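Coordinates from work27.txt are shown below (compact mmCIF, C-alpha atoms).
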# COMPACT_ATOMS: atom_id res chain seq x y z
CA MET N 1 2.03 73.20 132.85
CA LYS N 2 3.26 72.10 136.25
CA TYR N 3 6.04 74.70 136.26
CA VAL N 4 3.73 77.54 135.30
CA ARG N 5 1.49 76.77 138.26
CA GLN N 6 4.47 76.44 140.62
CA LEU N 7 5.89 79.74 139.45
CA LEU N 8 2.48 81.35 139.78
CA ILE N 9 2.17 80.24 143.39
CA ILE N 10 5.66 81.46 144.30
CA LEU N 11 5.25 84.81 142.55
CA PHE N 12 1.80 85.28 144.04
CA ILE N 13 3.21 84.80 147.53
CA SER N 14 6.02 87.23 146.68
CA PHE N 15 3.32 89.69 145.63
CA LEU N 16 1.46 89.20 148.92
CA GLY N 17 4.79 89.88 150.64
CA GLU N 18 5.04 93.17 148.75
CA LEU N 19 1.51 94.00 149.77
CA LEU N 20 2.29 93.40 153.45
CA LYS N 21 5.41 95.54 153.18
CA TYR N 22 3.25 98.31 151.70
CA ILE N 23 0.68 98.08 154.48
CA ILE N 24 2.98 97.56 157.49
CA PRO N 25 5.30 100.53 158.16
CA LEU N 26 8.42 98.55 159.19
CA SER N 27 11.70 98.18 157.33
CA ILE N 28 11.14 94.48 156.73
CA PRO N 29 11.54 93.42 153.09
CA ALA N 30 8.80 91.76 151.05
CA SER N 31 10.88 88.58 150.78
CA ILE N 32 10.79 88.00 154.55
CA TYR N 33 7.01 88.50 154.71
CA GLY N 34 6.73 86.13 151.76
CA MET N 35 8.88 83.53 153.48
CA VAL N 36 6.66 83.69 156.58
CA LEU N 37 3.49 83.49 154.44
CA LEU N 38 4.73 80.44 152.51
CA PHE N 39 5.77 78.78 155.76
CA LEU N 40 2.31 79.38 157.24
CA ALA N 41 0.61 78.14 154.07
CA LEU N 42 2.59 74.88 154.30
CA GLU N 43 2.08 74.54 158.03
CA LEU N 44 -1.69 75.15 157.76
CA LYS N 45 -1.88 72.66 154.84
CA ILE N 46 -3.15 75.31 152.42
CA LEU N 47 -0.25 74.28 150.18
CA LYS N 48 1.71 71.05 149.88
CA VAL N 49 5.46 71.03 149.30
CA SER N 50 4.82 69.09 146.08
CA ASP N 51 2.85 72.09 144.76
CA ILE N 52 6.06 74.10 144.40
CA LYS N 53 8.88 71.59 144.90
CA GLU N 54 10.70 71.65 141.54
CA THR N 55 10.55 75.38 140.93
CA SER N 56 11.48 76.11 144.52
CA ASN N 57 14.48 73.78 144.36
CA PHE N 58 15.58 75.41 141.13
CA LEU N 59 15.35 78.94 142.54
CA ILE N 60 17.23 77.99 145.71
CA GLU N 61 19.93 76.22 143.71
CA ILE N 62 20.66 79.22 141.49
CA MET N 63 20.48 81.69 144.37
CA PRO N 64 24.24 82.49 144.52
CA LEU N 65 24.01 83.58 140.88
CA MET N 66 21.43 86.20 141.83
CA PHE N 67 24.02 88.04 143.92
CA VAL N 68 26.34 88.60 140.95
CA PRO N 69 24.77 91.92 139.86
CA ALA N 70 24.84 93.26 143.44
CA GLY N 71 28.48 92.20 143.79
CA VAL N 72 29.37 93.92 140.52
CA GLY N 73 27.62 96.99 141.95
CA LEU N 74 30.67 97.43 144.18
CA LEU N 75 32.19 99.08 141.08
CA ASP N 76 29.67 101.88 141.46
CA SER N 77 30.00 102.41 145.22
CA TRP N 78 33.77 102.51 144.98
CA GLY N 79 33.76 106.31 145.09
CA ALA N 80 32.06 106.36 148.48
CA LEU N 81 34.18 103.52 149.82
CA GLN N 82 37.57 104.69 148.56
CA SER N 83 38.75 106.69 151.57
CA ILE N 84 37.92 104.09 154.24
CA TRP N 85 38.06 100.84 152.34
CA ILE N 86 40.93 99.26 154.26
CA GLN N 87 39.23 99.79 157.63
CA VAL N 88 35.90 98.62 156.20
CA VAL N 89 37.42 95.44 154.80
CA VAL N 90 39.27 94.71 158.06
CA ILE N 91 36.11 95.23 160.13
CA THR N 92 34.08 93.12 157.74
CA LEU N 93 36.49 90.21 157.71
CA ILE N 94 37.14 90.14 161.45
CA SER N 95 33.52 90.52 162.48
CA THR N 96 32.23 87.95 159.99
CA VAL N 97 34.63 85.29 161.29
CA ILE N 98 33.88 86.12 164.95
CA VAL N 99 30.11 86.18 164.47
CA MET N 100 30.15 82.86 162.65
CA GLY N 101 32.37 81.30 165.30
CA VAL N 102 30.44 82.62 168.30
CA SER N 103 26.89 81.95 167.11
CA GLY N 104 27.85 78.48 165.87
CA SER N 105 29.71 77.59 169.07
CA ILE N 106 26.87 78.75 171.31
CA THR N 107 24.26 76.87 169.28
CA GLN N 108 26.38 73.73 169.41
CA PHE N 109 27.05 74.16 173.13
CA VAL N 110 23.33 74.34 173.94
CA ILE N 111 22.52 71.38 171.65
CA ARG N 112 25.17 69.19 173.24
CA LYS N 113 24.18 70.20 176.76
CA GLY N 114 20.62 69.11 175.92
CA LYS N 115 21.86 65.81 174.50
CA LYS N 116 23.86 65.06 177.65
CA LYS N 117 20.82 65.67 179.79
CA GLU N 118 18.83 63.16 177.73
CA GLU N 119 21.50 60.55 178.31
CA MET K 1 29.56 98.64 118.34
CA LYS K 2 29.87 100.35 121.70
CA SER K 3 26.29 101.57 121.64
CA PHE K 4 25.18 98.07 120.76
CA LEU K 5 27.06 96.66 123.76
CA THR K 6 25.49 99.19 126.13
CA ASP K 7 22.01 98.86 124.64
CA SER K 8 21.79 95.07 124.65
CA VAL K 9 19.40 93.75 127.28
CA PHE K 10 20.71 90.19 127.18
CA LEU K 11 24.42 90.91 127.31
CA GLY K 12 24.48 91.51 131.07
CA VAL K 13 22.64 88.28 131.78
CA VAL K 14 24.72 86.26 129.33
CA VAL K 15 28.00 87.55 130.72
CA SER K 16 26.86 86.90 134.29
CA LEU K 17 25.76 83.34 133.52
CA LEU K 18 28.80 82.61 131.41
CA THR K 19 31.27 83.77 134.05
CA TYR K 20 29.33 81.90 136.73
CA GLU K 21 29.42 78.75 134.61
CA PHE K 22 33.16 79.27 134.19
CA GLY K 23 33.41 79.67 137.97
CA LEU K 24 31.63 76.34 138.50
CA TRP K 25 34.02 74.63 136.10
CA PHE K 26 37.04 76.30 137.67
CA LYS K 27 35.96 75.31 141.19
CA LYS K 28 35.73 71.68 140.12
CA LYS K 29 39.21 71.88 138.60
CA VAL K 30 41.10 73.54 141.47
CA LYS K 31 38.99 72.69 144.54
CA ILE K 32 40.19 75.70 146.53
CA ALA K 33 37.45 77.41 148.54
CA ILE K 34 38.40 80.95 147.57
CA PHE K 35 37.76 80.24 143.88
CA ASN K 36 34.03 79.99 144.24
CA PRO K 37 31.73 80.68 141.30
CA LEU K 38 30.13 83.75 142.85
CA LEU K 39 33.43 85.53 143.48
CA ILE K 40 34.87 84.53 140.10
CA SER K 41 31.76 85.70 138.32
CA VAL K 42 31.68 89.07 140.13
CA ILE K 43 35.34 89.77 139.35
CA ALA K 44 35.11 88.57 135.75
CA VAL K 45 32.04 90.75 135.07
CA MET K 46 33.81 93.75 136.61
CA VAL K 47 36.81 93.18 134.35
CA PHE K 48 34.50 92.80 131.35
CA LEU K 49 32.72 96.08 132.11
CA VAL K 50 35.96 97.97 132.61
CA VAL K 51 37.64 96.57 129.50
CA PHE K 52 34.65 97.33 127.24
CA HIS K 53 33.86 100.66 128.93
CA ILE K 54 30.34 99.62 129.81
CA ASP K 55 28.65 101.50 132.66
CA TYR K 56 27.30 99.53 135.59
CA ALA K 57 23.88 101.08 134.91
CA ASP K 58 23.89 99.67 131.36
CA TYR K 59 24.93 96.23 132.61
CA GLN K 60 22.25 96.42 135.28
CA GLU K 61 19.61 97.10 132.60
CA GLY K 62 19.82 93.41 131.71
CA ALA K 63 21.27 91.94 134.90
CA LYS K 64 18.39 93.26 137.00
CA TYR K 65 16.31 90.36 135.75
CA ILE K 66 18.66 88.04 137.62
CA SER K 67 18.26 90.05 140.82
CA TYR K 68 14.52 90.09 140.21
CA LEU K 69 14.42 86.41 141.15
CA LEU K 70 15.93 87.08 144.56
CA THR K 71 12.62 87.80 146.30
CA PRO K 72 10.87 84.64 145.04
CA ALA K 73 13.99 82.58 145.84
CA THR K 74 14.08 83.93 149.40
CA VAL K 75 10.37 83.14 149.75
CA CYS K 76 11.17 79.55 148.74
CA LEU K 77 13.57 79.21 151.66
CA ALA K 78 10.39 78.56 153.65
CA VAL K 79 10.28 75.07 152.09
CA PRO K 80 13.44 73.66 153.72
CA LEU K 81 12.46 75.51 156.87
CA TYR K 82 9.07 73.78 156.87
CA GLU K 83 10.63 70.40 156.17
CA GLN K 84 13.04 70.79 159.09
CA PHE K 85 10.54 72.35 161.47
CA GLU K 86 10.36 69.33 163.77
CA LEU K 87 14.10 69.49 164.26
CA LEU K 88 13.90 73.21 164.85
CA ARG K 89 11.25 72.78 167.52
CA LYS K 90 13.33 70.19 169.31
CA ASN K 91 16.34 72.50 169.36
CA LEU K 92 14.51 75.77 169.81
CA LYS K 93 16.56 76.90 172.80
CA ALA K 94 19.87 76.32 171.04
CA VAL K 95 18.68 78.00 167.86
CA ILE K 96 17.43 81.10 169.62
CA ALA K 97 20.54 81.36 171.79
CA GLY K 98 22.71 81.06 168.68
CA ILE K 99 20.88 83.72 166.68
CA ILE K 100 20.67 86.23 169.53
CA SER K 101 24.35 85.80 170.36
CA GLY K 102 25.15 86.27 166.66
CA VAL K 103 23.30 89.58 166.48
CA PHE K 104 24.92 90.99 169.61
CA THR K 105 28.39 89.71 168.73
CA SER K 106 28.12 91.36 165.33
CA MET K 107 27.16 94.75 166.73
CA THR K 108 29.63 94.65 169.63
CA CYS K 109 32.40 93.69 167.22
CA ILE K 110 31.58 96.62 164.95
CA LEU K 111 31.36 99.00 167.90
CA VAL K 112 34.77 97.98 169.23
CA LEU K 113 36.44 98.08 165.82
CA ALA K 114 34.79 101.40 164.94
CA LEU K 115 36.15 102.88 168.19
CA LEU K 116 39.55 101.47 167.34
CA PHE K 117 39.56 103.04 163.87
CA ARG K 118 38.10 106.31 165.23
CA PHE K 119 35.05 106.14 162.98
CA ASP K 120 32.49 108.91 163.28
CA HIS K 121 28.85 108.20 164.09
CA GLN K 122 27.74 108.10 160.48
CA GLN K 123 30.47 105.65 159.41
CA TYR K 124 29.67 103.49 162.44
CA VAL K 125 25.93 103.19 161.80
CA THR K 126 26.69 102.46 158.15
CA LEU K 127 28.41 99.25 159.20
CA LEU K 128 26.02 98.17 161.97
CA PRO K 129 23.63 96.16 159.76
CA LYS K 130 26.40 94.41 157.80
CA SER K 131 25.54 90.84 158.75
CA ILE K 132 21.88 90.93 157.74
CA THR K 133 20.10 90.60 154.44
CA THR K 134 20.47 93.57 152.05
CA ALA K 135 16.82 94.58 151.99
CA ILE K 136 16.57 94.90 155.79
CA GLY K 137 20.12 96.26 156.14
CA MET K 138 19.46 99.11 153.72
CA GLY K 139 16.41 100.14 155.71
CA VAL K 140 18.33 100.07 159.00
CA SER K 141 21.20 102.13 157.59
CA GLU K 142 18.82 104.69 156.12
CA GLU K 143 16.85 104.92 159.36
CA LEU K 144 20.01 105.58 161.39
CA GLY K 145 21.45 108.07 158.90
CA GLY K 146 24.24 105.91 157.44
CA TYR K 147 25.67 105.88 153.90
CA VAL K 148 23.29 103.42 152.29
CA THR K 149 25.48 102.66 149.26
CA ILE K 150 28.38 101.70 151.52
CA THR K 151 26.07 99.58 153.67
CA VAL K 152 24.98 97.64 150.59
CA ALA K 153 28.61 97.19 149.52
CA VAL K 154 29.62 95.99 152.99
CA ILE K 155 26.70 93.57 153.19
CA ILE K 156 27.70 92.05 149.86
CA ILE K 157 31.37 91.81 150.90
CA THR K 158 30.29 90.16 154.16
CA GLY K 159 28.12 87.67 152.30
CA ILE K 160 30.74 86.71 149.75
CA PHE K 161 33.42 86.49 152.43
CA GLY K 162 31.19 84.29 154.59
CA TYR K 163 30.40 82.13 151.58
CA ILE K 164 34.08 81.63 150.83
CA THR K 165 35.36 81.06 154.36
CA ALA K 166 32.45 79.15 155.94
CA ASP K 167 34.12 75.73 155.68
CA ALA K 168 37.38 76.94 157.20
CA VAL K 169 35.76 78.97 159.99
CA LEU K 170 33.44 76.12 161.01
CA LYS K 171 36.41 73.80 161.17
CA LEU K 172 38.48 76.32 163.13
CA PHE K 173 35.78 76.61 165.81
CA HIS K 174 35.06 72.86 165.78
CA ILE K 175 31.43 73.41 164.81
CA GLU K 176 30.15 70.01 163.70
CA GLU K 177 26.41 69.94 164.46
CA PRO K 178 24.49 70.65 161.22
CA ILE K 179 22.07 72.92 163.08
CA ALA K 180 24.91 74.95 164.57
CA LYS K 181 26.58 75.21 161.16
CA GLY K 182 23.43 76.61 159.59
CA ILE K 183 22.83 79.13 162.36
CA ALA K 184 26.47 80.25 162.24
CA ILE K 185 26.46 80.80 158.49
CA GLY K 186 23.06 82.52 158.37
CA SER K 187 23.79 84.81 161.32
CA ALA K 188 27.15 85.89 159.96
CA SER K 189 26.54 86.12 156.24
CA HIS K 190 22.79 86.25 155.48
CA ALA K 191 21.39 85.04 152.14
CA VAL K 192 24.70 84.75 150.30
CA GLY K 193 25.97 82.52 153.10
CA THR K 194 22.71 80.59 153.06
CA ALA K 195 23.48 79.58 149.49
CA LYS K 196 26.58 77.96 150.96
CA ALA K 197 24.61 76.37 153.80
CA MET K 198 22.26 74.88 151.19
CA GLU K 199 25.25 73.21 149.55
CA LEU K 200 26.22 71.67 152.90
CA GLY K 201 22.80 70.10 153.43
CA GLU K 202 19.05 70.48 154.00
CA ILE K 203 19.36 71.06 157.74
CA GLU K 204 22.15 73.62 157.40
CA GLY K 205 20.16 75.42 154.72
CA ALA K 206 16.94 75.49 156.72
CA MET K 207 18.63 76.81 159.85
CA SER K 208 20.52 79.42 157.86
CA SER K 209 17.25 80.59 156.24
CA LEU K 210 15.69 80.92 159.65
CA SER K 211 18.67 82.97 160.86
CA ILE K 212 18.26 85.46 158.01
CA ALA K 213 14.70 86.24 159.01
CA VAL K 214 15.16 86.26 162.78
CA SER K 215 18.54 88.03 162.95
CA GLY K 216 17.35 90.55 160.38
CA ILE K 217 14.33 91.47 162.47
CA LEU K 218 16.30 91.46 165.74
CA THR K 219 18.90 93.75 164.19
CA VAL K 220 16.26 96.34 163.33
CA VAL K 221 15.57 96.73 167.05
CA ALA K 222 19.09 96.19 168.42
CA ALA K 223 20.69 98.64 165.97
CA MET K 224 18.57 101.46 167.37
CA VAL K 225 20.12 100.84 170.80
CA TYR K 226 23.65 100.34 169.49
CA ALA K 227 23.44 103.49 167.36
CA ASN K 228 23.47 105.57 170.56
CA LEU K 229 26.76 104.07 171.75
CA LEU K 230 29.05 105.98 169.37

Take the structure in the file and write it out as structure tokens.
Amino acid sequence: MKYVRQLLIILFISFLGELLKYIIPLSIPASIYGMVLLFLALELKILKVSDIKETSNFLIEIMPLMFVPAGVGLLDSWGALQSIWIQVVVITLISTVIVMGVSGSITQFVIRKGKKKEE
Amino acid sequence: MKSFLTDSVFLGVVVSLLTYEFGLWFKKKVKIAIFNPLLISVIAVMVFLVVFHIDYADYQEGAKYISYLLTPATVCLAVPLYEQFELLRKNLKAVIAGIISGVFTSMTCILVLALLFRFDHQQYVTLLPKSITTAIGMGVSEELGGYVTITVAVIIITGIFGYITADAVLKLFHIEEPIAKGIAIGSASHAVGTAKAMELGEIEGAMSSLSIAVSGILTVVAAMVYANLL
């Protein structure tokens, strides 16, 4: 029964996330509200990690799989993409690499600067 | 036979899982980053649908139950975040600097490239939210008057591309700190990338999860400013 309860907790928080999305008129998805709610629940000791550990690990582990249908959906948006796809792909590839490089480098730079200060 | 294939509720899920499983096996065999299970599965399902003349809508009838789990799974990202919170607090300045620079780099990059390719306003705002999670990105694109379907497609391409190239890009930029790796992956390629960060380690995964939430929310605000620039 452990898994039923874990799933219940996770789905209930997802539901609360939906509720917040319904009430608050911002374009923030239910999943982000839910993530904040679960974090607060853990931080305020309303929930323990052990209350959801196994189910949560399972869901996180299979997460890449959940993007398969959306990826296959590219078949359907092909019509809209057709005329500009080369430019779109170029922009996507270049900007993804640059963003990853810049944000990672800056984070690392600040971390290492802090470490040096400590020494 | 054809109507059976299109009517089946389980076929979409079975094909998705089967091709993903094949992708996992294939990745173990060849050990080349580009052959990752997600990409293999997406391509194999596409081929399957085209060969058997099955509409995406019919596939989606069953496959939507896989996507259904996405919200609860994203909610669960709070667990690694909570477990690494001490580390986050200690490195708060670095984390915030990294995420903010990621958001602005992304938008500036798109602005410059859109100018270069002579994109019109609508095409430009369509691409602006490409580095953030689909649910927020769709909202931003809609708000700014972009083509929402293309935005979704671009977000997915960004995610899969980030997932595939993360190892190489991190190496190229000499990013070695686990925290920096997580922030880099999450800022550039949202939840799909976070799946990759999770494979690298708990810290990477937690930081990447944090990036999804923070950069997503920051983008909502920043995109409104950037939308006026072209």

Fill in: Shell around Gly17 (chain N) at 9 Å using all atoms listed in the file, local window under 6 positions removed, as a VMD selection string
(chain N and resid 29 to 37) or (chain K and resid 75)

Discussion item. Applying 12 Å and all atoms listed in the file, which residues near Glu176 (chain K) remain after dropping the ones on its own chain fewer than 5 positions away? List them as number ranges by chain.
Written reply: N: 101, 104-105, 107-109, 111-112; K: 167-171, 181-184, 200, 204

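Residues within 12 Å of Ile32 (chain K), counting only C-alpha atoms and excluding same-chain residues fewer than 3 positions away, are Gly23, Leu24, Phe26, Lys27, Lys28, Lys29, Phe35, Asn36, Pro37, Ile164, Thr165, Asp167 and Ala168 of chain K.
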
Same residues, C-alpha atoms, output as a JSON list (two decimals), in the coordinates of the input:
[["chain", "number", "residue", "atom", "x", "y", "z"],
["K", 23, "GLY", "CA", 33.41, 79.67, 137.97],
["K", 24, "LEU", "CA", 31.63, 76.34, 138.50],
["K", 26, "PHE", "CA", 37.04, 76.30, 137.67],
["K", 27, "LYS", "CA", 35.96, 75.31, 141.19],
["K", 28, "LYS", "CA", 35.73, 71.68, 140.12],
["K", 29, "LYS", "CA", 39.21, 71.88, 138.60],
["K", 35, "PHE", "CA", 37.76, 80.24, 143.88],
["K", 36, "ASN", "CA", 34.03, 79.99, 144.24],
["K", 37, "PRO", "CA", 31.73, 80.68, 141.30],
["K", 164, "ILE", "CA", 34.08, 81.63, 150.83],
["K", 165, "THR", "CA", 35.36, 81.06, 154.36],
["K", 167, "ASP", "CA", 34.12, 75.73, 155.68],
["K", 168, "ALA", "CA", 37.38, 76.94, 157.20]]

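Take the candidates N:Asn57, N:Ser103, N:Ser77, N:Ser27 and check each one against Ile100 (chain K) using only C-alpha atoms; the shortest distance goes to N:Ser103.
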
Test item: axis-aligned box, all listed atoms of region 205-209 of chain K, 3 Å on each side, centre and edges in Å rounded to one decimal, as JSON:
{"center_x": 18.7, "center_y": 78.0, "center_z": 157.3, "size_x": 9.6, "size_y": 11.2, "size_z": 11.1}

Item to complete: Compute the set of chain K residues within 7 Å of chain N, using all atoms listed in the file, and express it as a ChimeraX atom specification.
Response: /K:16,20,38,41-42,45-46,56,60,63,66-67,70-79,82,91,94-95,97-99,101-102,105-106,109-110,113,135-136,139,149-150,153,156,158,162,169-170,173,175,177,180-181,183-185,187-188,192,195,213

The selected residues should be written to file as a PDB file, in the coordinates of the input (atoms: C-alpha atoms).
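What follows is the written file again_35.pdb:
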ATOM      1  CA  SER K  16      26.860  86.900 134.290  1.00  0.00           C
ATOM      2  CA  TYR K  20      29.330  81.900 136.730  1.00  0.00           C
ATOM      3  CA  LEU K  38      30.130  83.750 142.850  1.00  0.00           C
ATOM      4  CA  SER K  41      31.760  85.700 138.320  1.00  0.00           C
ATOM      5  CA  VAL K  42      31.680  89.070 140.130  1.00  0.00           C
ATOM      6  CA  VAL K  45      32.040  90.750 135.070  1.00  0.00           C
ATOM      7  CA  MET K  46      33.810  93.750 136.610  1.00  0.00           C
ATOM      8  CA  TYR K  56      27.300  99.530 135.590  1.00  0.00           C
ATOM      9  CA  GLN K  60      22.250  96.420 135.280  1.00  0.00           C
ATOM     10  CA  ALA K  63      21.270  91.940 134.900  1.00  0.00           C
ATOM     11  CA  ILE K  66      18.660  88.040 137.620  1.00  0.00           C
ATOM     12  CA  SER K  67      18.260  90.050 140.820  1.00  0.00           C
ATOM     13  CA  LEU K  70      15.930  87.080 144.560  1.00  0.00           C
ATOM     14  CA  THR K  71      12.620  87.800 146.300  1.00  0.00           C
ATOM     15  CA  PRO K  72      10.870  84.640 145.040  1.00  0.00           C
ATOM     16  CA  ALA K  73      13.990  82.580 145.840  1.00  0.00           C
ATOM     17  CA  THR K  74      14.080  83.930 149.400  1.00  0.00           C
ATOM     18  CA  VAL K  75      10.370  83.140 149.750  1.00  0.00           C
ATOM     19  CA  CYS K  76      11.170  79.550 148.740  1.00  0.00           C
ATOM     20  CA  LEU K  77      13.570  79.210 151.660  1.00  0.00           C
ATOM     21  CA  ALA K  78      10.390  78.560 153.650  1.00  0.00           C
ATOM     22  CA  VAL K  79      10.280  75.070 152.090  1.00  0.00           C
ATOM     23  CA  TYR K  82       9.070  73.780 156.870  1.00  0.00           C
ATOM     24  CA  ASN K  91      16.340  72.500 169.360  1.00  0.00           C
ATOM     25  CA  ALA K  94      19.870  76.320 171.040  1.00  0.00           C
ATOM     26  CA  VAL K  95      18.680  78.000 167.860  1.00  0.00           C
ATOM     27  CA  ALA K  97      20.540  81.360 171.790  1.00  0.00           C
ATOM     28  CA  GLY K  98      22.710  81.060 168.680  1.00  0.00           C
ATOM     29  CA  ILE K  99      20.880  83.720 166.680  1.00  0.00           C
ATOM     30  CA  SER K 101      24.350  85.800 170.360  1.00  0.00           C
ATOM     31  CA  GLY K 102      25.150  86.270 166.660  1.00  0.00           C
ATOM     32  CA  THR K 105      28.390  89.710 168.730  1.00  0.00           C
ATOM     33  CA  SER K 106      28.120  91.360 165.330  1.00  0.00           C
ATOM     34  CA  CYS K 109      32.400  93.690 167.220  1.00  0.00           C
ATOM     35  CA  ILE K 110      31.580  96.620 164.950  1.00  0.00           C
ATOM     36  CA  LEU K 113      36.440  98.080 165.820  1.00  0.00           C
ATOM     37  CA  ALA K 135      16.820  94.580 151.990  1.00  0.00           C
ATOM     38  CA  ILE K 136      16.570  94.900 155.790  1.00  0.00           C
ATOM     39  CA  GLY K 139      16.410 100.140 155.710  1.00  0.00           C
ATOM     40  CA  THR K 149      25.480 102.660 149.260  1.00  0.00           C
ATOM     41  CA  ILE K 150      28.380 101.700 151.520  1.00  0.00           C
ATOM     42  CA  ALA K 153      28.610  97.190 149.520  1.00  0.00           C
ATOM     43  CA  ILE K 156      27.700  92.050 149.860  1.00  0.00           C
ATOM     44  CA  THR K 158      30.290  90.160 154.160  1.00  0.00           C
ATOM     45  CA  GLY K 162      31.190  84.290 154.590  1.00  0.00           C
ATOM     46  CA  VAL K 169      35.760  78.970 159.990  1.00  0.00           C
ATOM     47  CA  LEU K 170      33.440  76.120 161.010  1.00  0.00           C
ATOM     48  CA  PHE K 173      35.780  76.610 165.810  1.00  0.00           C
ATOM     49  CA  ILE K 175      31.430  73.410 164.810  1.00  0.00           C
ATOM     50  CA  GLU K 177      26.410  69.940 164.460  1.00  0.00           C
ATOM     51  CA  ALA K 180      24.910  74.950 164.570  1.00  0.00           C
ATOM     52  CA  LYS K 181      26.580  75.210 161.160  1.00  0.00           C
ATOM     53  CA  ILE K 183      22.830  79.130 162.360  1.00  0.00           C
ATOM     54  CA  ALA K 184      26.470  80.250 162.240  1.00  0.00           C
ATOM     55  CA  ILE K 185      26.460  80.800 158.490  1.00  0.00           C
ATOM     56  CA  SER K 187      23.790  84.810 161.320  1.00  0.00           C
ATOM     57  CA  ALA K 188      27.150  85.890 159.960  1.00  0.00           C
ATOM     58  CA  VAL K 192      24.700  84.750 150.300  1.00  0.00           C
ATOM     59  CA  ALA K 195      23.480  79.580 149.490  1.00  0.00           C
ATOM     60  CA  ALA K 213      14.700  86.240 159.010  1.00  0.00           C
TER      61      ALA K 213
END

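Close contacts of Glu143 (chain K), defined as residues with an atom at most 12 Å away when counting all atoms listed in the file, with chain neighbours fewer than 3 positions off set aside, comprise Leu26 and Ser27 of chain N; Gln122, Val125, Thr126, Leu128, Pro129, Ile136, Gly137, Met138, Gly139, Val140, Gly146, Tyr147, Val148, Val220, Val221, Ala223, Met224 and Ala227 of chain K.
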
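CA of Leu11 (chain K) lies 14.5 Å from CA of Val51 (chain K).
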
Worksheet item: Between CA of Met207 (chain K) and CA of Tyr22 (chain N), what is the spacing in Å?
Response: 27.7 Å
